[in-house]
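Shown here: input_33.cif, mmCIF, C-alpha atoms.
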data_protein
loop_
_atom_site.label_atom_id
_atom_site.label_comp_id
_atom_site.auth_asym_id
_atom_site.auth_seq_id
_atom_site.Cartn_x
_atom_site.Cartn_y
_atom_site.Cartn_z
CA MET A 47 -13.22 17.07 -16.96
CA LYS A 48 -15.51 14.97 -14.77
CA ALA A 49 -14.57 11.31 -14.46
CA SER A 50 -17.13 8.70 -15.53
CA PHE A 51 -19.13 6.73 -12.98
CA GLU A 52 -17.55 3.53 -14.34
CA ALA A 53 -14.02 4.82 -13.61
CA PHE A 54 -15.05 5.91 -10.12
CA PHE A 55 -16.73 2.56 -9.41
CA THR A 56 -13.74 0.56 -10.70
CA LEU A 57 -11.40 2.57 -8.49
CA HIS A 58 -13.57 1.94 -5.43
CA VAL A 59 -13.73 -1.80 -6.10
CA ASN A 60 -9.95 -2.09 -6.42
CA MET A 61 -9.26 0.20 -3.47
CA PHE A 62 -11.43 -1.94 -1.19
CA SER A 63 -9.80 -5.21 -2.28
CA PRO A 64 -6.80 -6.31 -0.17
CA SER A 65 -3.49 -6.11 -2.01
CA ILE A 66 -1.48 -9.25 -2.77
CA PHE A 67 0.88 -10.76 -0.18
CA GLU A 68 3.54 -12.99 -1.72
CA SER A 69 6.98 -14.49 -1.06
CA HIS A 70 10.14 -13.95 -3.13
CA PHE A 71 13.71 -15.22 -2.88
CA PHE A 72 16.48 -12.61 -2.96
CA HIS A 73 19.90 -12.19 -1.37
CA ASN A 74 19.88 -15.88 -0.38
CA ARG A 75 16.71 -15.71 1.68
CA THR A 76 12.92 -15.43 1.53
CA PHE A 77 11.22 -12.03 1.72
CA TYR A 78 7.51 -11.35 1.87
CA LEU A 79 6.12 -8.50 -0.22
CA LYS A 80 2.91 -6.58 0.42
CA ARG A 81 2.08 -5.51 -3.13
CA ASP A 82 0.31 -2.18 -2.67
CA ASP A 83 1.74 -1.25 -6.08
CA LEU A 84 -0.96 -3.46 -7.62
CA LEU A 85 -3.98 -1.80 -5.97
CA HIS A 86 -4.94 0.38 -8.93
CA PRO A 87 -3.07 2.13 -11.78
CA ASP A 88 -4.19 5.58 -10.57
CA PHE A 89 -4.39 5.01 -6.82
CA SER A 90 -1.67 2.58 -5.82
CA GLY A 91 0.86 2.29 -3.03
CA ASN A 92 0.96 4.50 0.02
CA LYS A 93 -0.89 7.33 -1.74
CA ALA A 94 -3.93 5.09 -2.16
CA ARG A 95 -3.83 4.45 1.57
CA LYS A 96 -3.08 8.06 2.56
CA PHE A 97 -5.85 9.53 0.40
CA HIS A 98 -8.41 6.81 1.14
CA TYR A 99 -10.22 9.16 3.52
CA PHE A 100 -10.59 11.89 0.90
CA LEU A 101 -11.73 9.42 -1.76
CA THR A 102 -14.40 7.73 0.33
CA HIS A 103 -15.90 10.69 2.23
CA ASP A 104 -18.16 13.45 0.95
CA PHE A 105 -17.00 17.06 1.00
CA PRO A 106 -19.99 19.02 -0.38
CA HIS A 107 -18.41 22.43 0.30
CA ILE A 108 -15.05 21.62 -1.36
CA LYS A 109 -14.28 22.86 -4.88
CA ARG A 110 -10.49 22.79 -4.90
CA ILE A 111 -7.48 20.82 -3.66
CA VAL A 112 -4.27 22.71 -2.86
CA SER A 113 -0.99 20.93 -2.21
CA SER A 114 2.75 21.24 -2.79
CA GLY A 115 5.87 19.16 -3.36
CA SER A 116 8.33 18.03 -6.00
CA ASN A 117 7.65 18.17 -9.74
CA GLN A 118 7.58 14.35 -10.07
CA SER A 119 5.76 13.58 -6.84
CA ASN A 120 3.62 10.44 -6.71
CA ALA A 121 1.26 12.34 -4.41
CA MET A 122 0.87 15.06 -7.04
CA TYR A 123 -0.39 12.55 -9.59
CA SER A 124 -2.74 10.76 -7.18
CA LEU A 125 -4.22 14.08 -6.07
CA SER A 126 -4.80 15.02 -9.70
CA VAL A 127 -6.80 11.81 -10.11
CA LEU A 128 -8.74 12.52 -6.91
CA ALA A 129 -9.55 16.04 -8.12
CA ARG A 130 -10.71 14.70 -11.48
CA LEU A 131 -12.92 12.08 -9.86
CA LYS A 132 -14.45 14.62 -7.48
CA ASN A 133 -14.72 17.32 -10.16
CA TRP A 134 -12.50 19.68 -8.13
CA GLU A 135 -9.81 22.12 -9.23
CA PHE A 136 -6.27 21.12 -8.36
CA PHE A 137 -3.55 23.68 -7.58
CA TYR A 138 -0.04 22.38 -6.96
CA VAL A 139 2.95 24.45 -5.86
CA CYS A 140 6.52 23.43 -6.85
CA ASP A 141 9.83 25.07 -5.98
CA HIS A 142 11.04 24.79 -9.55
CA ILE A 143 10.15 23.06 -12.82
CA PRO A 144 13.16 22.54 -15.11
CA SER A 145 12.81 23.97 -18.61
CA PHE A 146 13.50 20.49 -20.02
CA LEU A 147 10.48 19.09 -18.16
CA LYS A 148 8.28 21.99 -19.26
CA GLU A 149 9.22 21.37 -22.88
CA ASN A 150 9.11 17.59 -22.58
CA PRO A 151 6.48 16.64 -19.98
CA ILE A 152 6.92 13.11 -18.71
CA GLY A 153 5.95 10.77 -15.87
CA ASN A 154 3.85 12.01 -12.96
CA TYR A 155 4.14 15.62 -14.11
CA GLN A 156 2.72 14.89 -17.55
CA ALA A 157 -0.09 12.69 -16.21
CA ALA A 158 -1.09 15.27 -13.58
CA LEU A 159 -1.22 18.02 -16.22
CA GLU A 160 -3.45 15.81 -18.36
CA ASN A 161 -5.78 15.49 -15.37
CA GLY A 162 -6.12 19.28 -15.21
CA MET A 163 -3.52 20.22 -12.60
CA ARG A 164 -2.65 23.90 -12.39
CA VAL A 165 0.98 24.16 -11.34
CA ILE A 166 2.56 27.21 -9.66
CA GLU A 167 6.30 27.74 -9.26
CA SER A 168 7.41 29.36 -6.02
CA HIS A 169 10.46 29.18 -3.77
CA ALA A 170 8.16 30.13 -0.87
CA ARG A 171 5.92 27.11 -1.30
CA GLU A 172 4.04 27.17 1.98
CA ASP A 173 3.35 30.90 1.77
CA THR A 174 2.10 30.48 -1.79
CA VAL A 175 -0.15 27.59 -0.78
CA LEU A 176 -1.89 29.89 1.71
CA GLU A 177 -2.72 32.32 -1.11
CA TYR A 178 -4.87 29.66 -2.80
CA LEU A 179 -6.75 28.49 0.28
CA ASP A 180 -10.28 29.58 1.13
CA GLU A 181 -13.37 28.07 2.76
CA HIS A 182 -13.95 25.90 -0.33
CA SER A 183 -10.41 24.50 -0.44
CA LEU A 184 -8.98 21.24 0.84
CA HIS A 185 -5.33 21.54 1.87
CA VAL A 186 -3.35 18.31 1.57
CA SER A 187 0.08 18.49 3.16
CA GLU A 188 3.15 17.50 1.15
CA GLY A 189 3.27 13.74 0.77
CA GLY A 190 -0.03 13.35 2.65
CA ARG A 191 1.49 13.94 6.09
CA GLN A 192 -1.70 14.49 8.09
CA ARG A 193 -4.14 12.79 10.45
CA GLU A 194 -6.60 11.88 7.70
CA ALA A 195 -4.04 9.38 6.39
CA GLU A 196 -4.63 7.16 9.43
CA GLU A 197 -7.88 5.71 8.12
CA GLY A 198 -6.28 4.12 5.08
CA MET A 199 -3.23 2.97 7.03
CA GLN A 200 -5.41 1.30 9.63
CA ARG A 201 -7.09 -0.61 6.83
CA LEU A 202 -3.65 -1.67 5.53
CA ALA A 203 -2.66 -2.77 9.04
CA GLU A 204 -5.73 -5.02 9.24
CA GLU A 205 -4.80 -6.56 5.89
CA LEU A 206 -1.24 -7.19 7.05
CA LYS A 207 -2.42 -8.92 10.23
CA ALA A 208 -4.58 -11.22 8.11
CA ASP A 209 -1.69 -11.83 5.67
CA VAL A 210 0.70 -12.72 8.47
CA TYR A 211 -1.81 -15.13 10.00
CA GLN A 212 -2.57 -16.86 6.69
CA ALA A 213 1.14 -17.18 5.85
CA GLY A 214 1.85 -18.66 9.29
CA LEU A 215 4.60 -16.16 10.11
CA LYS A 216 5.73 -16.43 13.73
CA GLU A 217 8.05 -13.42 14.04
CA PRO A 218 6.99 -10.89 11.40
CA TYR A 219 8.51 -7.46 11.03
CA LEU A 220 7.91 -4.87 8.34
CA PHE A 221 10.37 -2.63 6.53
CA LEU A 222 9.66 0.34 4.27
CA PRO A 223 11.60 3.44 3.22
CA SER A 224 10.14 6.77 4.38
CA GLY A 225 9.70 10.24 2.97
CA THR A 226 7.53 12.04 5.51
CA GLY A 227 7.25 8.78 7.47
CA THR A 228 3.45 8.95 7.67
CA THR A 229 2.96 5.37 6.48
CA ALA A 230 5.46 3.89 8.93
CA LEU A 231 4.03 5.97 11.78
CA PHE A 232 0.42 4.87 11.46
CA LEU A 233 1.31 1.26 10.67
CA GLN A 234 3.32 1.06 13.89
CA LYS A 235 0.37 2.53 15.75
CA HIS A 236 -1.96 -0.20 14.49
CA LEU A 237 0.32 -3.25 14.18
CA PRO A 238 1.52 -5.51 17.02
CA PHE A 239 4.89 -6.29 15.40
CA PRO A 240 7.94 -4.05 14.74
CA ILE A 241 8.12 -1.51 11.91
CA PHE A 242 11.58 -0.60 10.60
CA THR A 243 12.26 2.25 8.22
CA CYS A 244 14.97 4.55 6.91
CA ASN A 245 14.90 8.18 5.88
CA THR A 246 15.20 9.05 2.19
CA VAL A 247 14.71 12.78 2.78
CA GLY A 248 16.73 14.74 5.33
CA ASN A 249 18.04 12.68 8.23
CA SER A 250 16.76 10.55 11.08
CA ALA A 251 16.13 13.59 13.26
CA TYR A 252 13.95 15.07 10.50
CA LEU A 253 11.95 11.84 10.30
CA GLN A 254 11.45 11.71 14.06
CA GLN A 255 10.30 15.33 13.99
CA GLN A 256 7.69 14.54 11.32
CA TRP A 257 6.25 11.81 13.51
CA GLU A 258 6.08 13.98 16.59
CA MET A 259 4.25 16.68 14.64
CA VAL A 260 1.47 14.21 13.78
CA GLU A 261 1.47 11.92 16.85
CA PRO A 262 3.31 13.72 19.67
CA SER A 263 2.45 11.17 22.37
CA LEU A 264 2.57 7.84 20.52
CA ARG A 265 3.78 5.09 22.86
CA CYS A 266 6.02 3.40 20.29
CA TYR A 267 7.50 4.93 17.13
CA PRO A 268 8.97 2.92 14.25
CA ARG A 269 12.66 2.12 14.50
CA ILE A 270 14.90 4.08 12.12
CA LEU A 271 17.78 2.16 10.52
CA GLU A 272 20.84 4.14 9.44
CA GLY A 273 22.74 3.25 6.28
CA SER A 274 26.53 3.43 6.13
CA LYS A 275 26.27 5.69 3.07
CA LYS A 276 24.17 8.85 2.90
CA TYR A 277 22.14 9.42 -0.26
CA HIS A 278 20.76 12.78 -1.32
CA TYR A 279 17.09 12.63 -2.28
CA GLY A 280 16.52 12.23 -6.01
CA LYS A 281 20.22 12.20 -6.90
CA LEU A 282 21.53 9.56 -9.30
CA TYR A 283 23.76 6.81 -7.88
CA ILE A 284 25.14 4.00 -10.01
CA GLU A 285 24.99 1.42 -7.21
CA LEU A 286 21.31 2.18 -6.56
CA TYR A 287 20.43 1.72 -10.22
CA VAL A 288 22.31 -1.60 -10.28
CA LEU A 289 20.45 -2.75 -7.15
CA TRP A 290 17.11 -1.71 -8.66
CA GLU A 291 17.87 -3.74 -11.81
CA LYS A 292 18.95 -6.75 -9.75
CA LEU A 293 15.73 -6.67 -7.74
CA LYS A 294 13.69 -6.50 -10.93
CA THR A 295 15.61 -9.36 -12.55
CA GLU A 296 15.77 -11.75 -9.62
CA MET A 297 12.40 -11.04 -8.01
CA GLY A 298 10.48 -10.24 -11.16
CA VAL A 299 9.15 -7.12 -9.42
CA GLU A 300 9.70 -3.52 -10.46
CA PHE A 301 10.19 -1.10 -7.58
CA ASP A 302 10.15 2.70 -7.38
CA LEU A 303 13.51 4.07 -8.53
CA VAL A 304 13.71 6.93 -6.01
CA TYR A 305 12.76 5.45 -2.63
CA ASP A 306 13.09 1.68 -2.95
CA PRO A 307 16.78 1.30 -3.93
CA VAL A 308 17.72 3.41 -0.90
CA GLY A 309 15.34 1.37 1.23
CA TRP A 310 16.62 -1.99 0.03
CA SER A 311 20.23 -0.86 0.41
CA VAL A 312 19.68 -0.01 4.08
CA PHE A 313 17.46 -3.05 4.67
CA LEU A 314 20.03 -5.50 3.27
CA GLU A 315 22.80 -3.85 5.27
CA HIS A 316 20.92 -4.43 8.54
CA LEU A 317 19.37 -7.77 7.62
CA PRO A 318 21.94 -9.94 9.47
CA THR A 319 20.99 -8.25 12.77
CA LEU A 320 17.22 -8.43 12.31
CA GLN A 321 15.47 -11.50 13.68
CA GLY A 322 12.25 -12.91 12.24
CA ASP A 323 10.29 -13.00 9.00
CA PRO A 324 11.03 -9.94 6.82
CA ILE A 325 8.14 -8.20 5.06
CA TYR A 326 8.79 -5.37 2.60
CA LEU A 327 5.98 -2.95 1.80
CA HIS A 328 5.89 -2.11 -1.90
CA GLN A 329 4.46 1.41 -1.91
CA GLY A 330 4.03 1.84 -5.66
CA GLY A 331 5.19 5.01 -7.41
CA LEU A 332 6.14 3.28 -10.67
CA LEU A 333 4.89 6.08 -12.91
CA GLY A 334 7.76 8.19 -11.60
CA ASN A 335 10.25 5.63 -12.94
CA ILE A 336 9.73 6.95 -16.46
CA SER A 337 11.36 10.28 -15.63
CA MET A 338 14.04 8.71 -13.42
CA GLU A 339 15.14 6.29 -16.13
CA GLU A 340 15.31 9.17 -18.60
CA ARG A 341 17.58 11.02 -16.18
CA TYR A 342 19.89 8.03 -15.96
CA LYS A 343 19.97 7.73 -19.74
CA ARG A 344 20.94 11.39 -20.08
CA LYS A 345 23.84 10.75 -17.74
CA LYS A 346 25.79 8.83 -20.38
CA THR A 347 28.94 8.64 -18.32
CA ILE A 348 27.00 6.77 -15.65
CA MET A 349 25.20 4.41 -17.99
CA LYS A 350 28.42 3.42 -19.79
CA THR A 351 29.69 1.87 -16.59
CA LEU A 352 26.72 -0.47 -16.23
#
Mind converting the file's structure to structure tokens?
Amino acid sequence: MKASFEAFFTLHVNMFSPSIFESHFFHNRTFYLKRDDLLHPDFSGNKARKFHYFLTHDFPHIKRIVSSGSNQSNAMYSLSVLARLKNWEFFYVCDHIPSFLKENPIGNYQAALENGMRVIESHAREDTVLEYLDEHSLHVSEGGRQREAEEGMQRLAEELKADVYQAGLKEPYLFLPSGTGTTALFLQKHLPFPIFTCNTVGNSAYLQQQWEMVEPSLRCYPRILEGSKKYHYGKLYIELYVLWEKLKTEMGVEFDLVYDPVGWSVFLEHLPTLQGDPIYLHQGGLLGNISMEERYKRKKTIMKTL
């Protein structure tokens, strides 16, 4: 289904408007939030920035997007919107789709299917991706880890410099949790102040490796903060859910339930040793909260302890 001109125009208008920069009080101090979650319902957060290049440039020879990742990926949904807007096919390769999700589509998975996504299950994801690539295909790496993401991140960096100046911050530093680390990498490349992050997938060595694959000779990489507790990606943890609820209640802001509780946990742990004005980048991903909350509800033994 081809998207209407009105939908395409509205998306462009919102994408080119700077996201909100605001202050909140939490954990007995002031934090500044860059609200990329409010950019647009379909293209928000770091995916809006990563896929900015593909949205705003013409690709007359392209007829299909091919990508891969998890079955509730925020990137999966945003790519499905991009494909719909551009009138392209969208093929997406997952390791596994649980039977429960197939029978009860929800969250990013449901929305991407409604946008026309064709999903393929394969334990050899990268090999399977190659089978669907041809001269008319656009390959988007998992999570948008590629050089084209720099254009949107550079735009975000310019916004942040303006935000910091207008807010009168003297010693700004930015924190964000990382998956592939693409956002943190390009922001550090284009910002004059420190970028701190933590890994939510793999370990710190994995994150460093992702950066070196994209920018092997960057002068300064973001600084990785280690948490005292290791969390497995996507696994349910009672203390992370409690922290997520506390952030929502006290700040009045809903965060992503996969990445942000891990990020805030590590950030708060290191906060006493960090000097300056803390900025947290809200990278969106709220559509995925629907499926995460359902998972917590199904874990009745966990929810009873709340």
(request) Identify which of the residues A:Gln156, A:Ser187, A:Asn133, A:Ser63 lies closest to A:Phe97, counting only C-alpha atoms when measuring atom-to-atom distances. (result)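 Answer, going by the shortest atom-to-atom distance: A:Ser187.
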(request) Just say which residues the PyMOL selection byres ((chain A and resi 64) around 12) picks in this file, as a PyMOL selection string. (result) chain A and resi 58-63+65-67+80-86+90-91+94-95+198+201-209
(message) Once the PyMOL selection byres ((chain A and resi 265) around 12) has been evaluated on this model, what residues remain selected, and can you format them as a list in words?
(response)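 So the PyMOL selection byres ((chain A and resi 265) around 12) ends up selecting Leu231, Phe232, Gln234, Lys235, His236, Trp257, Glu258, Glu261, Pro262, Ser263, Leu264, Cys266, Tyr267 and Pro268 of chain A.
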Quick one: which stretch 70-149 of chain A residues come within 9 Å of stretch 286-296 of chain A, and what is the nearest atom pair for each with the distance in Å to one decimal, counting all atoms listed in the file, rows ordered by chain and ascending number, as a tab-separated table?
residue	atom	partner	partner_atom	distance
A:His70	CA	A:Glu296	CA	8.9
A:Phe71	CA	A:Glu296	CA	7.9
A:Phe72	CA	A:Glu296	CA	6.8
Would you translate the PyMOL selection byres ((chain A and resi 252-256) around 10) into the concrete set of residues it matches in this file, as a PDB file with C-alpha atoms, keeping the file's coordinate frame?
ATOM      1  CA  ARG A 191       1.490  13.940   6.090  1.00  0.00           C
ATOM      2  CA  GLN A 192      -1.700  14.490   8.090  1.00  0.00           C
ATOM      3  CA  SER A 224      10.140   6.770   4.380  1.00  0.00           C
ATOM      4  CA  GLY A 225       9.700  10.240   2.970  1.00  0.00           C
ATOM      5  CA  THR A 226       7.530  12.040   5.510  1.00  0.00           C
ATOM      6  CA  GLY A 227       7.250   8.780   7.470  1.00  0.00           C
ATOM      7  CA  THR A 228       3.450   8.950   7.670  1.00  0.00           C
ATOM      8  CA  LEU A 231       4.030   5.970  11.780  1.00  0.00           C
ATOM      9  CA  THR A 243      12.260   2.250   8.220  1.00  0.00           C
ATOM     10  CA  CYS A 244      14.970   4.550   6.910  1.00  0.00           C
ATOM     11  CA  ASN A 245      14.900   8.180   5.880  1.00  0.00           C
ATOM     12  CA  THR A 246      15.200   9.050   2.190  1.00  0.00           C
ATOM     13  CA  VAL A 247      14.710  12.780   2.780  1.00  0.00           C
ATOM     14  CA  GLY A 248      16.730  14.740   5.330  1.00  0.00           C
ATOM     15  CA  ASN A 249      18.040  12.680   8.230  1.00  0.00           C
ATOM     16  CA  SER A 250      16.760  10.550  11.080  1.00  0.00           C
ATOM     17  CA  ALA A 251      16.130  13.590  13.260  1.00  0.00           C
ATOM     18  CA  TRP A 257       6.250  11.810  13.510  1.00  0.00           C
ATOM     19  CA  GLU A 258       6.080  13.980  16.590  1.00  0.00           C
ATOM     20  CA  MET A 259       4.250  16.680  14.640  1.00  0.00           C
ATOM     21  CA  VAL A 260       1.470  14.210  13.780  1.00  0.00           C
ATOM     22  CA  GLU A 261       1.470  11.920  16.850  1.00  0.00           C
ATOM     23  CA  PRO A 262       3.310  13.720  19.670  1.00  0.00           C
ATOM     24  CA  TYR A 267       7.500   4.930  17.130  1.00  0.00           C
ATOM     25  CA  PRO A 268       8.970   2.920  14.250  1.00  0.00           C
ATOM     26  CA  ARG A 269      12.660   2.120  14.500  1.00  0.00           C
ATOM     27  CA  ILE A 270      14.900   4.080  12.120  1.00  0.00           C
TER      28      ILE A 270
END
Pull the closest atom pair for each residue of stretch 178-209 of chain A that gets at most 12 Å from stretch 109-128 of chain A, along with the distance in Å to one decimal, counting only C-alpha atoms, ordering rows by chain and then ascending residue number, as a Markdown table.
| residue | atom | partner | partner_atom | distance |
| --- | --- | --- | --- | --- |
| A:Tyr178 | CA | A:Val112 | CA | 7.0 |
| A:Leu179 | CA | A:Val112 | CA | 7.0 |
| A:Asp180 | CA | A:Arg110 | CA | 9.1 |
| A:Glu181 | CA | A:Lys109 | CA | 9.3 |
| A:His182 | CA | A:Lys109 | CA | 5.5 |
| A:Ser183 | CA | A:Arg110 | CA | 4.8 |
| A:Leu184 | CA | A:Ile111 | CA | 4.8 |
| A:His185 | CA | A:Val112 | CA | 5.0 |
| A:Val186 | CA | A:Ser113 | CA | 5.2 |
| A:Ser187 | CA | A:Ser113 | CA | 6.0 |
| A:Glu188 | CA | A:Ser114 | CA | 5.4 |
| A:Gly189 | CA | A:Ala121 | CA | 5.7 |
| A:Gly190 | CA | A:Ala121 | CA | 7.2 |
| A:Arg191 | CA | A:Ala121 | CA | 10.6 |
(request) Go through A:Lys343, A:Lys216, A:His142, A:Arg164 one by one, measure the shortest atom-to-atom distance of each to A:Asp323 using only C-alpha atoms, and give the residue with the smallest value. (result) A:Lys216
(message) Rounded to one decimal, what separation in Å do you get between atom CA of A:Gly280 and atom CA of A:Ser145?
(response) 17.6 Å
(message) For a test of reading the model, state the distance in Å between atom CA of A:Gly273 and atom CA of A:Leu314, rounded to one decimal.
(response)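 The value is 9.6 Å.
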(request) Could you check how far atom CA of A:Glu300 sits from atom CA of A:Ser274, in Å to one decimal? (result)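 Between atom CA of A:Glu300 and atom CA of A:Ser274 the gap works out to 24.6 Å.
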(request) Please identify all polymer residues within 7 Å of A:Val139, counting only C-alpha atoms, omitting same-chain residues fewer than 2 positions from it, and present them as an MDAnalysis selection string. (result) chainID A and resid 113:115 137 141 165:168 171 175
(request) Would you please work out which residue, of A:Arg75, A:Ile152, A:Met163, A:Glu196, is nearest to A:His98 when using all atoms listed in the file? (result)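 Checking each of A:Arg75, A:Ile152, A:Met163, A:Glu196 against A:His98, counting all atoms listed in the file, the winner is A:Glu196.
Distance annotation: of A:Leu220, A:Leu303, A:Ala230, A:Ile143, the residue with the minimal separation from A:Ala195 is A:Ala230; atom set is all atoms listed in the file.
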(message) Using all atoms listed in the file for the distances, tell me which of A:Glu135, A:Asn335, A:Tyr277, A:Met297 is nearest to A:Ser311.
(response) A:Tyr277
(request) Find the residue from A:Glu194, A:His316, A:Lys281, A:Ala157 that sits nearest to A:Tyr99; use only C-alpha atoms when measuring. (result) A:Glu194
Extract, using only C-alpha atoms, all DNA, RNA and protein residues at most 7 Å from A:Tyr219, discarding same-chain residues fewer than 4 positions from it, and format them as a JSON list (two decimals) with C-alpha atoms, in the coordinates of the input.
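Everything below was put into result.json:
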[["chain", "number", "residue", "atom", "x", "y", "z"],
["A", 239, "PHE", "CA", 4.89, -6.29, 15.40],
["A", 240, "PRO", "CA", 7.94, -4.05, 14.74],
["A", 241, "ILE", "CA", 8.12, -1.51, 11.91],
["A", 322, "GLY", "CA", 12.25, -12.91, 12.24],
["A", 323, "ASP", "CA", 10.29, -13.00, 9.00],
["A", 324, "PRO", "CA", 11.03, -9.94, 6.82],
["A", 325, "ILE", "CA", 8.14, -8.20, 5.06]]
With 6 Å of padding per side, what axis-aligned box (centre and edge lengths, Å, one decimal) covers all the listed atoms of stretch 181-188 of chain A? Give it as JSON.
{"center_x": -5.4, "center_y": 22.8, "center_z": 1.4, "size_x": 29.1, "size_y": 22.6, "size_z": 15.6}
Kindly write stretch 299-311 of chain A with N, CA and C atoms to a file, as a tab-separated table (two decimals), in the first residue's frame.
chain	number	residue	atom	x	y	z
A	299	VAL	N	7.62	10.91	32.40
A	299	VAL	CA	8.11	10.53	31.07
A	299	VAL	C	8.17	9.01	30.98
A	300	GLU	N	7.61	8.46	29.93
A	300	GLU	CA	7.71	7.02	29.71
A	300	GLU	C	8.94	6.73	28.85
A	301	PHE	N	9.76	5.79	29.32
A	301	PHE	CA	10.94	5.38	28.58
A	301	PHE	C	10.75	3.99	27.99
A	302	ASP	N	11.63	3.63	27.07
A	302	ASP	CA	11.67	2.28	26.52
A	302	ASP	C	11.95	1.29	27.65
A	303	LEU	N	11.27	0.14	27.62
A	303	LEU	CA	11.36	-0.82	28.71
A	303	LEU	C	12.48	-1.85	28.53
A	304	VAL	N	13.15	-1.83	27.38
A	304	VAL	CA	14.26	-2.75	27.14
A	304	VAL	C	15.60	-2.07	27.43
A	305	TYR	N	15.85	-0.96	26.75
A	305	TYR	CA	17.15	-0.30	26.84
A	305	TYR	C	17.27	0.67	28.02
A	306	ASP	N	16.24	1.50	28.22
A	306	ASP	CA	16.38	2.61	29.16
A	306	ASP	C	16.53	2.21	30.63
A	307	PRO	N	15.82	1.20	31.14
A	307	PRO	CA	16.06	0.85	32.55
A	307	PRO	C	17.50	0.39	32.80
A	308	VAL	N	18.07	-0.35	31.85
A	308	VAL	CA	19.48	-0.73	31.96
A	308	VAL	C	20.35	0.52	31.93
A	309	GLY	N	20.05	1.42	30.99
A	309	GLY	CA	20.82	2.65	30.86
A	309	GLY	C	20.76	3.50	32.12
A	310	TRP	N	19.56	3.72	32.63
A	310	TRP	CA	19.41	4.54	33.83
A	310	TRP	C	20.07	3.88	35.03
A	311	SER	N	19.99	2.57	35.13
A	311	SER	CA	20.62	1.85	36.23
A	311	SER	C	22.13	2.11	36.26
